[in-house]
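Q: As input, take target-v8.csv (CSV, C-alpha atoms and all ligand atoms):
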chain,number,residue,atom,x,y,z
I,1,MET,CA,-34.6,4.4,10.0
I,2,PRO,CA,-30.8,4.7,9.9
I,3,LYS,CA,-29.1,2.3,7.4
I,4,VAL,CA,-25.9,0.4,7.1
I,5,LYS,CA,-24.6,1.2,3.6
I,6,GLN,CA,-21.5,-0.9,3.2
I,7,ILE,CA,-18.4,-2.3,4.8
I,8,ASN,CA,-16.0,0.7,4.9
I,9,HIS,CA,-12.9,-1.1,6.1
I,10,VAL,CA,-11.6,-4.1,8.0
I,11,ALA,CA,-8.7,-3.4,10.4
I,12,VAL,CA,-6.0,-5.8,11.4
I,13,VAL,CA,-3.7,-5.1,14.3
I,14,VAL,CA,-0.1,-6.0,13.5
I,15,GLU,CA,3.2,-6.2,15.5
I,16,ASP,CA,5.5,-5.6,12.6
I,17,MET,CA,4.3,-3.4,9.7
I,18,GLU,CA,6.9,-4.5,7.2
I,19,LYS,CA,6.2,-8.2,7.9
I,20,ALA,CA,2.5,-7.6,7.5
I,21,LEU,CA,3.0,-5.7,4.2
I,22,SER,CA,5.1,-8.6,2.9
I,23,PHE,CA,1.8,-10.6,2.9
I,24,TRP,CA,-0.9,-8.0,2.2
I,25,ARG,CA,1.0,-5.9,-0.4
I,26,ASP,CA,3.7,-8.2,-1.7
I,27,ALA,CA,2.2,-11.7,-1.6
I,28,LEU,CA,-1.5,-10.7,-2.3
I,29,GLY,CA,-0.5,-7.9,-4.6
I,30,MET,CA,-2.8,-5.3,-3.0
I,31,GLU,CA,-1.9,-1.7,-3.6
I,32,LEU,CA,-0.5,0.2,-0.6
I,33,HIS,CA,-2.1,3.6,-1.0
I,34,GLU,CA,-0.7,5.2,2.1
I,35,LEU,CA,1.3,4.5,5.2
I,36,ARG,CA,0.5,7.2,7.8
I,37,ASP,CA,1.2,8.0,11.4
I,38,VAL,CA,-2.0,8.7,13.3
I,39,PRO,CA,-0.9,10.4,16.5
I,40,ALA,CA,-4.4,10.6,17.8
I,41,GLU,CA,-4.6,6.8,17.8
I,42,GLN,CA,-0.9,6.4,18.7
I,43,SER,CA,-0.6,4.2,15.7
I,44,GLN,CA,0.9,3.8,12.2
I,45,VAL,CA,-1.8,2.8,9.7
I,46,ALA,CA,-1.4,1.3,6.2
I,47,PHE,CA,-4.3,1.8,3.9
I,48,LEU,CA,-4.9,-0.9,1.2
I,49,PRO,CA,-8.0,0.2,-0.8
I,50,LEU,CA,-10.3,-2.1,-2.8
I,51,PRO,CA,-13.4,-0.9,-4.7
I,52,GLY,CA,-15.8,0.5,-2.0
I,53,SER,CA,-13.7,-0.6,1.0
I,54,GLU,CA,-10.2,-1.1,2.3
I,55,VAL,CA,-8.0,-3.2,4.5
I,56,GLU,CA,-6.2,-1.2,7.2
I,57,LEU,CA,-3.1,-2.5,9.0
I,58,VAL,CA,-2.6,-0.9,12.4
I,59,GLN,CA,0.6,-1.0,14.3
I,60,PRO,CA,0.7,0.7,17.8
I,61,THR,CA,3.5,3.2,18.2
I,62,THR,CA,3.3,3.4,22.0
I,63,ASP,CA,2.8,0.8,24.7
I,64,ASP,CA,-0.1,2.2,26.5
I,65,SER,CA,-2.8,2.9,23.9
I,66,GLY,CA,-6.0,0.8,23.8
I,67,ILE,CA,-4.7,-0.9,20.6
I,68,ALA,CA,-1.3,-1.6,22.1
I,69,LYS,CA,-3.0,-3.3,25.1
I,70,TYR,CA,-5.2,-5.2,22.7
I,71,LEU,CA,-2.1,-6.5,20.8
I,72,ALA,CA,-0.3,-7.4,24.1
I,73,LYS,CA,-3.3,-9.3,25.3
I,74,ARG,CA,-4.6,-11.0,22.2
I,75,GLY,CA,-1.7,-10.9,19.7
I,76,PRO,CA,-1.9,-9.8,16.1
I,77,GLY,CA,-5.1,-10.4,14.2
I,78,MET,CA,-8.5,-9.0,13.3
I,79,HIS,CA,-9.2,-5.8,15.2
I,80,HIS,CA,-12.5,-4.4,13.9
I,81,VAL,CA,-15.0,-4.2,11.1
I,82,CYS,CA,-16.2,-0.7,10.1
I,83,LEU,CA,-19.7,-0.3,8.8
I,84,GLU,CA,-20.6,2.9,7.0
I,85,VAL,CA,-24.0,4.3,8.0
I,86,ASP,CA,-26.1,7.1,6.6
I,87,ASP,CA,-27.0,8.6,10.1
I,88,ILE,CA,-24.6,7.8,12.9
I,89,ILE,CA,-26.5,9.6,15.6
I,90,GLY,CA,-29.7,7.9,14.5
I,91,MET,CA,-28.0,4.5,14.5
I,92,MET,CA,-26.4,5.0,18.0
I,93,THR,CA,-29.8,6.1,19.3
I,94,GLN,CA,-31.4,3.0,17.8
I,95,LEU,CA,-28.7,0.7,19.2
I,96,LYS,CA,-28.9,2.2,22.7
I,97,SER,CA,-32.7,1.8,22.7
I,98,ARG,CA,-32.1,-1.9,22.1
I,99,GLY,CA,-29.7,-2.2,24.9
I,100,VAL,CA,-26.5,-2.5,22.8
I,101,ARG,CA,-23.4,-1.5,24.7
I,102,LEU,CA,-21.5,1.3,23.0
I,103,ILE,CA,-17.9,2.2,23.7
I,104,ASN,CA,-18.3,5.8,22.6
I,105,GLU,CA,-21.5,7.5,23.9
I,106,GLU,CA,-21.1,10.2,21.3
I,107,PRO,CA,-19.6,10.1,17.8
I,108,ARG,CA,-15.9,11.1,17.7
I,109,ILE,CA,-14.6,13.3,14.8
I,110,ALA,CA,-11.6,12.1,12.8
I,111,ALA,CA,-9.0,14.5,11.4
I,112,ASP,CA,-10.7,14.3,8.0
I,113,GLY,CA,-14.1,15.1,9.4
I,114,LYS,CA,-15.6,11.6,9.4
I,115,ARG,CA,-17.7,10.8,12.4
I,116,TYR,CA,-17.1,7.5,14.1
I,117,ALA,CA,-18.0,5.4,17.2
I,118,PHE,CA,-17.2,1.9,18.4
I,119,ILE,CA,-19.7,-0.7,19.6
I,120,HIS,CA,-18.6,-3.1,22.4
I,121,PRO,CA,-17.9,-6.7,21.3
I,122,GLU,CA,-20.0,-7.9,24.2
I,123,SER,CA,-23.1,-6.9,22.1
I,124,THR,CA,-21.8,-8.0,18.7
I,125,SER,CA,-20.9,-11.7,19.1
I,126,GLY,CA,-17.3,-10.8,19.9
I,127,VAL,CA,-16.4,-8.5,17.0
I,128,LEU,CA,-15.4,-4.9,17.7
I,129,VAL,CA,-17.6,-2.9,15.3
I,130,GLU,CA,-16.9,0.7,14.2
I,131,LEU,CA,-19.6,2.9,12.7
I,132,TYR,CA,-18.6,5.6,10.2
I,133,GLN,CA,-20.6,8.4,8.7
I,134,ILE,CA,-18.7,10.2,6.0
C,201,CO,CO,-11.4,1.7,11.7
In structure tokens, what does this structure look like?
A:
Amino acid sequence: MPKVKQINHVAVVVEDMEKALSFWRDALGMELHELRDVPAEQSQVAFLPLPGSEVELVQPTTDDSGIAKYLAKRGPGMHHVCLEVDDIIGMMTQLKSRGVRLINEEPRIAADGKRYAFIHPESTSGVLVELYQI
């Protein structure tokens, strides 16, 4: 059986990165490890790690990406929870067999080699869930 190992990250979509950092970095005092442009996701992402997980702040850099549309429609806020699994293919097969609606039918591969896929909020009580296998 594929297993969920831990929460890898929580992602928050923001309109204004500096304003978001004034809370997450400055007021809370979390360490900003990296602020990176992610052209594949048409986003700028801030990584604020904690032991075993991290908070990611995501600001769209174009108007027509999925995340830009999400921001336009719903405003800033919680975007997704990422669960790290030991076997992403096995987990996706298990979910499909239970009628769970996946956004990605196959895992996608990030620049750093991680495999990931998203599960539709319709099947998760309204939370966009990302699966990761490192
Ligand atoms: Co993510």
Q: Between I:Val55, I:Cys82, I:Ile7, I:Ile67, which residue has the minimum interatomic distance to ligand CO 201 (chain C), considering all atoms listed in the file?
A: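 Residue with the minimum atom-to-atom distance to ligand CO 201 (chain C): I:Cys82.
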Q: Dump as a PyMOL selection string all residues having an atom at most 12 Å from (-10.2, 13.7, 12.5), computed in the file's coordinates with only C-alpha atoms.
A: chain I and resi 38-41+107-116+132+134
Q: Compute the set of protein, DNA and RNA residues whose minimum atom distance to ligand CO 201 (chain C) is at most 12 Å, using all atoms listed in the file, and state it as a VMD selection string.
A: chain I and resid 7 to 13 38 41 43 45 to 47 53 to 58 67 78 to 84 110 114 to 119 128 to 133
Q: Please indicate the distance in Å from atom CA of Leu102 of chain I to atom CA of His120 of chain I, rounded to one decimal place.
A: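 Interatomic distance, atom CA of Leu102 of chain I to atom CA of His120 of chain I: 5.3 Å.
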Q: Would you list the contacts of segment 25-32 of chain I as a ChimeraX atom specification, taking every protein, DNA or RNA residue within 9 Å and counting only C-alpha atoms, but skipping same-chain residues closer than 3 positions in sequence?
A: /I:20-22,35,46-50
Q: With C-alpha atoms retained, export the selected residues as an mmCIF file, in the frame of the given file.
A:
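Once everything was written out, this is selection36.cif:
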data_model
loop_
_atom_site.group_PDB
_atom_site.id
_atom_site.type_symbol
_atom_site.label_atom_id
_atom_site.label_comp_id
_atom_site.auth_asym_id
_atom_site.auth_seq_id
_atom_site.Cartn_x
_atom_site.Cartn_y
_atom_site.Cartn_z
ATOM 1 C CA ALA I 20 2.500 -7.600 7.500
ATOM 2 C CA LEU I 21 3.000 -5.700 4.200
ATOM 3 C CA SER I 22 5.100 -8.600 2.900
ATOM 4 C CA LEU I 35 1.300 4.500 5.200
ATOM 5 C CA ALA I 46 -1.400 1.300 6.200
ATOM 6 C CA PHE I 47 -4.300 1.800 3.900
ATOM 7 C CA LEU I 48 -4.900 -0.900 1.200
ATOM 8 C CA PRO I 49 -8.000 0.200 -0.800
ATOM 9 C CA LEU I 50 -10.300 -2.100 -2.800
#
Q: Using only C-alpha atoms for the distances, tell me which of I:Pro121, I:Lys96, I:Pro51, I:Gln42 is nearest to Asp64 of chain I.
A: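 Closest to Asp64 of chain I, using only C-alpha atoms: I:Gln42.
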Q: Considering all atoms listed in the file, state which residue in the set I:Val14, I:Ala72, I:Val100, I:Ile88 is at the smallest distance from Ser125 of chain I.
A: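 Residue with the minimum atom-to-atom distance to Ser125 of chain I: I:Val100.
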Q: Just give me the gap between atom CA of Val4 of chain I and atom CA of Thr93 of chain I in Å, one decimal is fine.
A: 14.0 Å
